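Novice: My questions will all concern the structure given below.
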Amino acid sequence: MPVDNAQIADRLQAFAALLELVDGNPYTVRAYRRAAETIRGAAFPVAELVAAGRARELRGVGPGIEARLRELVETGTIAELAELEREVAPDLVGLGRYLGLGAKRSVELARALGVRTADELREAAAAGRLQSVPGVGPKTEARLVEALSREAAPEPRRGLLLNRAWELVGGVAAALDGVPAGDVRRWRDSCERLAVVCSAGDPVVATQRFAELPQIVALVEQRERAAVGVTVEGVPVELVVAEPERFGTALVRATGSPQYVAALEPLPDAPDEEAVYRALDLPWCPPELREAPFRGEPPALVQPRDIRGDLHCHTTWSDGRASVEEMGRAARERGYDYLAICDHTPAVGAVRGLTPDDVRRQADEIAAANERLAPFRVLRGIECDILADGRLDLPDDVLGELEWVQASVHGGQRMPRADMTRRVEEALRNPAVRCLSHPKGRYINRRPENALDLERVFEVALEEGVALEVNGLPDRLDLRGEHVRDALRAGVPIVCSTDAHSVPGLANMTLSVATARRGWATSEAVVNTRPLDAILEPS
Ligand SMILES: [Zn+2]
Ligand SMILES: [Zn+2]
């Protein structure tokens with residue numbers, strides 16, 4: 001049985017989730033999660049490495065994880081995981097999380113009631129037995145009963161990052177020959193509505209297959225042509241099974257924001273989206289623009305294939321995992337003409353940063369890589385920290401040698417608006433600076449945006465010929481779509497970058513470009529759709 005990287009990663013992640021419930025050793029749990037991430041991002045078949053007895057070469061794989069990997073690759077299963085799944089009932093955990101209970105609480109509840117499946121839990125609730133459980137009062141009971149019988153489409157308690165949402169929804173869609181819809185199809189930075197639309201005359205088979213997918217641990221809702229399943233994390237995924245002659249209509253409805261769809265209603269029945277829009281006498285609209293009501297002619301949005309190079313990535317010189325040449329070679333294989341190496345400077349603190357001396361030694365390595373990769377071009381760049389007073393973290397003469405300078409705020413982000421804006425403005429005035437990295441400094445779900453006055457930043461950027469980055473790291477996506485649109489209206493160009501810290505990280509260009517598209521960017525607005533000459537000699 002072939003076990004691909006995603007399947008291995010899924011099993012390890014499931015193992016981690018269940019271990020978390022029973023074992024409680026956070027280090028073990030974290031180790032399995034980290035190993036799963038590594039395997040998911042690996043560019044080669046991990047099963048082969050495991051079969052060759054070389055699993056320990058993977059980052060974060062010790063003897064314990066190696067033994068499980070070998071068992072999984074050789075037998076197709078992990079016995080202890082199967083045992084845990086029997087004991088802990090992931091469907092109850094998924095349902096419990098969906099209902100707003102912690103995983104441990106879900107298991108306690110299930111044990112106290114003696115129920116083994118989600119359906120039995122429903123029956124117990126309907127029979128009024130919830131109140132017999134220690135710690136469940138009338139209020140909690142009412143909330144659970146209400147949630148268990150909820151009709152409306154549910155939302156996860158916090159949005160899923162776009163890369164995880166695509167993985168989940170893309171996997172479900174592929175398994176059912178369906179199409180990803182909902183927030184992922186609009187490439188929202190944090191996805192709440194996760195939906196898949198399938199086409200079938202008879203909905204029974206598709207719904208059955210959906211319920212049996214490894215990603216879906218329980219169905220929380222089932223109607224004739226729609227169902228909602230939950231993952232072990234309690235994340236709801238919606239399935240719509242449309243009749244073939246209405247598939248386009250269902251897809252339009254499942255894709256757009258509620259406001260966008262409402263403004264198009266009543267929607268005509270049609271087998272595909274193009275036919276829906278034709279019948280409405282409207283041009284087809286790219287999903288990224290289906291947020292606010294819009295009936296006009298959409299612009300020709302930038303596309304991934306327009307991108308000619310990546311202008312922000314890291315190497316082993318700072319906190320990246322690959323060498324200059326490995327990153328350059330990978331960028332060349334993606335069809336790019338250039339790649340700017342932008343490692344950190346010392347003020348970044350948490351990781352190694354390049355001193356002036358390092359910058360010059362790195363130049364030799366870049367020159368050597370260029371000899372081997374020509375005509376592809378590795379650019380000498382830097383991600384230079386903006387110090388608290390707005391000065392840059394390298395002397396001007398060093399910055400002046402470089403071909404691409406990104407300026408970044410990393411520390412001291414809690415500054416008041418006026419100070420933060422002055423700090424960034426000062427940095428943008430430095431003639432070496434070409435681009436402001438992750439301008440708002442947010443981490444999705446973890447850290448709010450900096451109090452930076454973007455309108456003022458746009459003015460200064462325009463005066464100084466500086467571009468603003470659309471950072472493609474899945475937990476950044478910064479600028480976000482709305483701000484991209486503001487920047488473009490102000491006349492400021494953007495750069496679509498990955499901020500890759502590894503070879504697989506270069507694939508995040510898709511996320512950056514999609515975010516730019518959400519901001520209505522055309523290819524003219526994106527600096528790195530331009531040829532190398534234009535990057536080296538800005539007009
Ligand atoms: Zn950064
Ligand atoms: Zn970076």
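So you can find residues: chains in the structure tokens are A, B, ... in the order shown, residues in each start at 1, and ligands are numbered from 1 in order.
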Produce as number ranges by chain the set of residues near ligand 2, where near means within 12 Å with only C-alpha atoms and all ligand atoms considered.

Specialist: A: 310-315, 318-320, 340-345, 348, 351, 353, 381-385, 405-410, 435-439, 441, 469-473, 476, 497-502, 505

Novice: Using the selection just defined, write its residues with N, CA and C atoms as a tab-separated table (two decimals), in the first residue's frame.

Specialist:
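What landed in again-v2.tsv:
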```tsv
chain	number	residue	atom	x	y	z
A	310	ASP	N	11.10	35.85	-7.18
A	310	ASP	CA	10.68	36.00	-5.79
A	310	ASP	C	11.71	36.92	-5.14
A	311	LEU	N	11.26	37.94	-4.42
A	311	LEU	CA	12.20	38.95	-3.90
A	311	LEU	C	12.37	38.91	-2.39
A	312	HIS	N	11.94	37.83	-1.75
A	312	HIS	CA	12.12	37.74	-0.30
A	312	HIS	C	12.20	36.27	0.11
A	313	CYS	N	13.42	35.81	0.42
A	313	CYS	CA	13.56	34.46	0.96
A	313	CYS	C	14.79	34.40	1.86
A	314	HIS	N	14.85	33.37	2.68
A	314	HIS	CA	15.93	33.20	3.65
A	314	HIS	C	16.75	31.94	3.33
A	315	THR	N	17.96	31.91	3.87
A	315	THR	CA	18.83	30.74	3.69
A	315	THR	C	19.41	30.36	5.05
A	318	SER	N	20.68	32.86	7.80
A	318	SER	CA	19.90	33.30	8.98
A	318	SER	C	19.05	32.13	9.43
A	319	ASP	N	17.73	32.20	9.32
A	319	ASP	CA	16.91	31.12	9.85
A	319	ASP	C	16.28	30.24	8.78
A	320	GLY	N	16.83	30.27	7.55
A	320	GLY	CA	16.32	29.38	6.51
A	320	GLY	C	16.94	27.99	6.63
A	340	ALA	N	15.77	37.00	-4.88
A	340	ALA	CA	16.56	37.83	-3.97
A	340	ALA	C	16.71	37.11	-2.63
A	341	ILE	N	17.96	36.95	-2.19
A	341	ILE	CA	18.24	36.36	-0.88
A	341	ILE	C	18.17	37.49	0.14
A	342	CYS	N	17.21	37.41	1.04
A	342	CYS	CA	17.01	38.49	2.02
A	342	CYS	C	17.07	37.90	3.42
A	343	ASP	N	18.27	37.62	3.90
A	343	ASP	CA	18.40	37.11	5.26
A	343	ASP	C	18.27	38.25	6.26
A	344	HIS	N	18.16	37.86	7.54
A	344	HIS	CA	17.94	38.85	8.59
A	344	HIS	C	19.21	39.60	8.97
A	345	THR	N	19.03	40.69	9.72
A	345	THR	CA	20.15	41.45	10.30
A	345	THR	C	20.12	41.24	11.82
A	348	VAL	N	17.18	41.48	14.68
A	348	VAL	CA	16.00	40.61	14.72
A	348	VAL	C	15.98	39.79	16.00
A	351	VAL	N	16.80	35.04	16.03
A	351	VAL	CA	17.59	34.16	15.15
A	351	VAL	C	18.86	34.89	14.72
A	353	GLY	N	21.46	36.96	12.67
A	353	GLY	CA	21.36	38.01	11.67
A	353	GLY	C	22.72	38.31	11.08
A	381	GLY	N	20.37	40.48	-1.58
A	381	GLY	CA	19.36	41.28	-0.88
A	381	GLY	C	19.55	41.18	0.62
A	382	ILE	N	18.65	41.83	1.34
A	382	ILE	CA	18.68	41.75	2.81
A	382	ILE	C	17.27	42.05	3.31
A	383	GLU	N	16.90	41.44	4.42
A	383	GLU	CA	15.71	41.88	5.14
A	383	GLU	C	16.25	42.63	6.36
A	384	CYS	N	16.35	43.95	6.20
A	384	CYS	CA	17.03	44.77	7.20
A	384	CYS	C	16.03	45.25	8.26
A	385	ASP	N	16.35	45.00	9.52
A	385	ASP	CA	15.47	45.45	10.59
A	385	ASP	C	15.41	46.98	10.66
A	405	VAL	N	16.73	45.66	-1.21
A	405	VAL	CA	16.66	45.83	0.25
A	405	VAL	C	15.21	45.88	0.71
A	406	GLN	N	14.85	44.89	1.54
A	406	GLN	CA	13.55	44.88	2.22
A	406	GLN	C	13.76	45.50	3.59
A	407	ALA	N	12.86	46.35	4.04
A	407	ALA	CA	12.95	46.90	5.39
A	407	ALA	C	11.80	46.33	6.22
A	408	SER	N	12.13	45.90	7.45
A	408	SER	CA	11.13	45.19	8.25
A	408	SER	C	11.12	45.65	9.70
A	409	VAL	N	9.91	45.80	10.23
A	409	VAL	CA	9.75	45.96	11.68
A	409	VAL	C	9.57	44.57	12.27
A	410	HIS	N	10.44	44.18	13.21
A	410	HIS	CA	10.23	42.92	13.91
A	410	HIS	C	9.98	43.15	15.40
A	435	CYS	N	11.54	48.01	-0.63
A	435	CYS	CA	10.24	47.40	-0.29
A	435	CYS	C	10.07	47.32	1.22
A	436	LEU	N	8.86	47.57	1.68
A	436	LEU	CA	8.53	47.41	3.10
A	436	LEU	C	7.90	46.02	3.30
A	437	SER	N	8.57	45.18	4.13
A	437	SER	CA	8.08	43.81	4.35
A	437	SER	C	6.87	43.80	5.27
A	438	HIS	N	6.03	42.78	5.12
A	438	HIS	CA	4.86	42.57	6.00
A	438	HIS	C	4.48	43.85	6.76
A	439	PRO	N	3.94	44.85	6.04
A	439	PRO	CA	3.79	46.20	6.61
A	439	PRO	C	3.00	46.28	7.92
A	441	GLY	N	2.47	43.77	10.14
A	441	GLY	CA	3.07	42.99	11.21
A	441	GLY	C	2.16	42.03	11.95
A	469	GLU	N	5.06	45.08	0.38
A	469	GLU	CA	5.03	43.63	0.20
A	469	GLU	C	3.64	43.05	0.47
A	470	VAL	N	3.32	42.00	-0.29
A	470	VAL	CA	2.22	41.12	0.07
A	470	VAL	C	2.89	39.82	0.46
A	471	ASN	N	3.12	39.66	1.76
A	471	ASN	CA	3.88	38.53	2.28
A	471	ASN	C	3.03	37.26	2.22
A	472	GLY	N	3.59	36.20	1.62
A	472	GLY	CA	2.79	34.99	1.37
A	472	GLY	C	2.84	33.94	2.47
A	473	LEU	N	3.49	34.23	3.62
A	473	LEU	CA	3.45	33.24	4.71
A	473	LEU	C	2.00	33.08	5.15
A	476	ARG	N	0.73	35.18	7.87
A	476	ARG	CA	0.89	36.63	7.74
A	476	ARG	C	-0.09	37.19	6.69
A	497	SER	N	5.62	38.24	-2.50
A	497	SER	CA	6.77	37.50	-2.00
A	497	SER	C	6.34	36.34	-1.13
A	498	THR	N	7.26	35.37	-1.01
A	498	THR	CA	6.94	34.22	-0.16
A	498	THR	C	7.55	34.31	1.23
A	499	ASP	N	8.67	35.05	1.38
A	499	ASP	CA	9.39	35.02	2.65
A	499	ASP	C	9.76	33.57	2.98
A	500	ALA	N	10.10	32.80	1.93
A	500	ALA	CA	10.35	31.36	2.11
A	500	ALA	C	11.56	31.14	3.00
A	501	HIS	N	11.42	30.18	3.92
A	501	HIS	CA	12.54	29.77	4.76
A	501	HIS	C	13.01	28.38	4.37
A	502	SER	N	12.49	27.85	3.27
A	502	SER	CA	12.87	26.51	2.80
A	502	SER	C	12.45	26.42	1.34
A	505	GLY	N	8.78	26.33	0.86
A	505	GLY	CA	8.20	27.63	1.17
A	505	GLY	C	8.00	28.51	-0.06
```

Novice: Using DSSP on the backbone coordinates, identify all residues within segment 7-229 of chain A classified as alpha helix (DSSP H); present the result as a ChimeraX atom specification.

Specialist: /A:7-22,26-41,46-51,63-75,79-88,90-98,103-113,118-126,138-148,162-175,182-185,203-212

Novice: Write out as an MDAnalysis selection string each polymer residue whose atoms come within 9 Å of segment 75-85 of chain A, counting only C-alpha atoms; drop sequence neighbours fewer than 6 positions from it.

Specialist: chainID A and resid 1:3 11:12 14:15 18:19 22 68:69

Novice: Which of these, A:Pro266, A:Pro203, A:Pro504, A:Gly411, has the shortest distance to ligand 1 once you count only C-alpha atoms and all ligand atoms?

Specialist: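 Ranking A:Pro266, A:Pro203, A:Pro504, A:Gly411 by distance to ligand 1, first place goes to A:Gly411.
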
Novice: Distance atom CA of Asp389 of chain A-atom CA of Glu463 of chain A, one decimal place?

Specialist: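 Value for the atom CA of Asp389 of chain A-atom CA of Glu463 of chain A distance: 20.7 Å.
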
Novice: Which residues of segment 281-323 of chain A come within 12 Å of segment 235-254 of chain A, and what is each one's closest atom pair and distance in Å (one decimal), counting only C-alpha atoms, sorted by chain and residue number, as a tab-separated table?

Specialist:
```
residue	atom	partner	partner_atom	distance
A:Trp284	CA	A:Val252	CA	10.4
A:Cys285	CA	A:Val252	CA	10.0
A:Pro286	CA	A:Val252	CA	10.8
A:Pro287	CA	A:Val252	CA	8.9
A:Arg290	CA	A:Val252	CA	9.4
```

Novice: Could you save those same residues with C-alpha atoms as a compact mmCIF listing (two decimals), in the first residue's frame?

Specialist:
```txt
# COMPACT_ATOMS: atom_id res chain seq x y z
CA TRP A 284 -17.83 35.82 -15.05
CA CYS A 285 -16.30 37.09 -11.83
CA PRO A 286 -13.07 35.69 -10.32
CA PRO A 287 -13.89 34.12 -6.92
CA ARG A 290 -16.87 37.86 -4.79
```

Novice: Env of segment 44-61 of chain A: 7 Å cut, atoms = only C-alpha atoms, seq-sep filter 6 positions within chain, self excluded. Answer as a VMD selection string.

Specialist: chain A and resid 3 to 5 31 34 to 35 38 69 to 70 73

Novice: Please save N, CA, C and O atoms of the selected residues as a PDB file, in the first residue's frame.

Specialist:
```pdb
ATOM      1  N   VAL A   3       2.015   4.828   0.733  1.00  0.00           N
ATOM      2  CA  VAL A   3       1.660   5.821   1.743  1.00  0.00           C
ATOM      3  C   VAL A   3       2.361   7.118   1.352  1.00  0.00           C
ATOM      4  O   VAL A   3       3.580   7.197   1.391  1.00  0.00           O
ATOM      5  N   ASP A   4       1.610   8.116   0.929  1.00  0.00           N
ATOM      6  CA  ASP A   4       2.273   9.354   0.504  1.00  0.00           C
ATOM      7  C   ASP A   4       2.497  10.283   1.707  1.00  0.00           C
ATOM      8  O   ASP A   4       2.021  10.022   2.808  1.00  0.00           O
ATOM      9  N   ASN A   5       3.247  11.354   1.463  1.00  0.00           N
ATOM     10  CA  ASN A   5       3.645  12.236   2.563  1.00  0.00           C
ATOM     11  C   ASN A   5       2.444  12.807   3.310  1.00  0.00           C
ATOM     12  O   ASN A   5       2.439  12.876   4.534  1.00  0.00           O
ATOM     13  N   ALA A  31       6.222  16.937  19.528  1.00  0.00           N
ATOM     14  CA  ALA A  31       7.191  16.263  18.659  1.00  0.00           C
ATOM     15  C   ALA A  31       6.486  15.605  17.470  1.00  0.00           C
ATOM     16  O   ALA A  31       6.946  15.706  16.328  1.00  0.00           O
ATOM     17  N   ARG A  34       5.320  18.330  15.061  1.00  0.00           N
ATOM     18  CA  ARG A  34       6.430  18.893  14.285  1.00  0.00           C
ATOM     19  C   ARG A  34       6.874  17.929  13.202  1.00  0.00           C
ATOM     20  O   ARG A  34       7.113  18.321  12.068  1.00  0.00           O
ATOM     21  N   ALA A  35       6.977  16.644  13.558  1.00  0.00           N
ATOM     22  CA  ALA A  35       7.371  15.647  12.566  1.00  0.00           C
ATOM     23  C   ALA A  35       6.358  15.611  11.418  1.00  0.00           C
ATOM     24  O   ALA A  35       6.723  15.510  10.247  1.00  0.00           O
ATOM     25  N   THR A  38       7.024  18.524   9.100  1.00  0.00           N
ATOM     26  CA  THR A  38       8.222  18.270   8.296  1.00  0.00           C
ATOM     27  C   THR A  38       7.893  17.334   7.141  1.00  0.00           C
ATOM     28  O   THR A  38       8.268  17.575   5.995  1.00  0.00           O
ATOM     29  N   LEU A  69       6.817   5.306  12.303  1.00  0.00           N
ATOM     30  CA  LEU A  69       6.839   5.523  10.855  1.00  0.00           C
ATOM     31  C   LEU A  69       7.080   4.198  10.139  1.00  0.00           C
ATOM     32  O   LEU A  69       6.450   3.893   9.128  1.00  0.00           O
ATOM     33  N   ARG A  70       8.023   3.394  10.701  1.00  0.00           N
ATOM     34  CA  ARG A  70       8.331   2.121  10.053  1.00  0.00           C
ATOM     35  C   ARG A  70       7.088   1.228  10.063  1.00  0.00           C
ATOM     36  O   ARG A  70       6.732   0.622   9.060  1.00  0.00           O
ATOM     37  N   VAL A  73       4.604   2.480   7.422  1.00  0.00           N
ATOM     38  CA  VAL A  73       5.000   2.216   6.040  1.00  0.00           C
ATOM     39  C   VAL A  73       4.934   0.717   5.741  1.00  0.00           C
ATOM     40  O   VAL A  73       4.496   0.309   4.664  1.00  0.00           O
TER      41      VAL A  73
END
```

Novice: At a cut-off of 7 Å, using only C-alpha atoms, what residues contact Glu403 of chain A? Leave out same-chain residues fewer than 3 positions from it and give the result as a compact mmCIF listing (two decimals) with C-alpha atoms, in the first residue's frame.

Specialist:
```txt
# COMPACT_ATOMS: atom_id res chain seq x y z
CA LEU A 379 20.21 38.82 -6.21
CA ARG A 380 22.10 40.14 -3.21
CA GLY A 381 19.36 41.28 -0.88
CA LEU A 536 18.07 46.17 -11.06
```
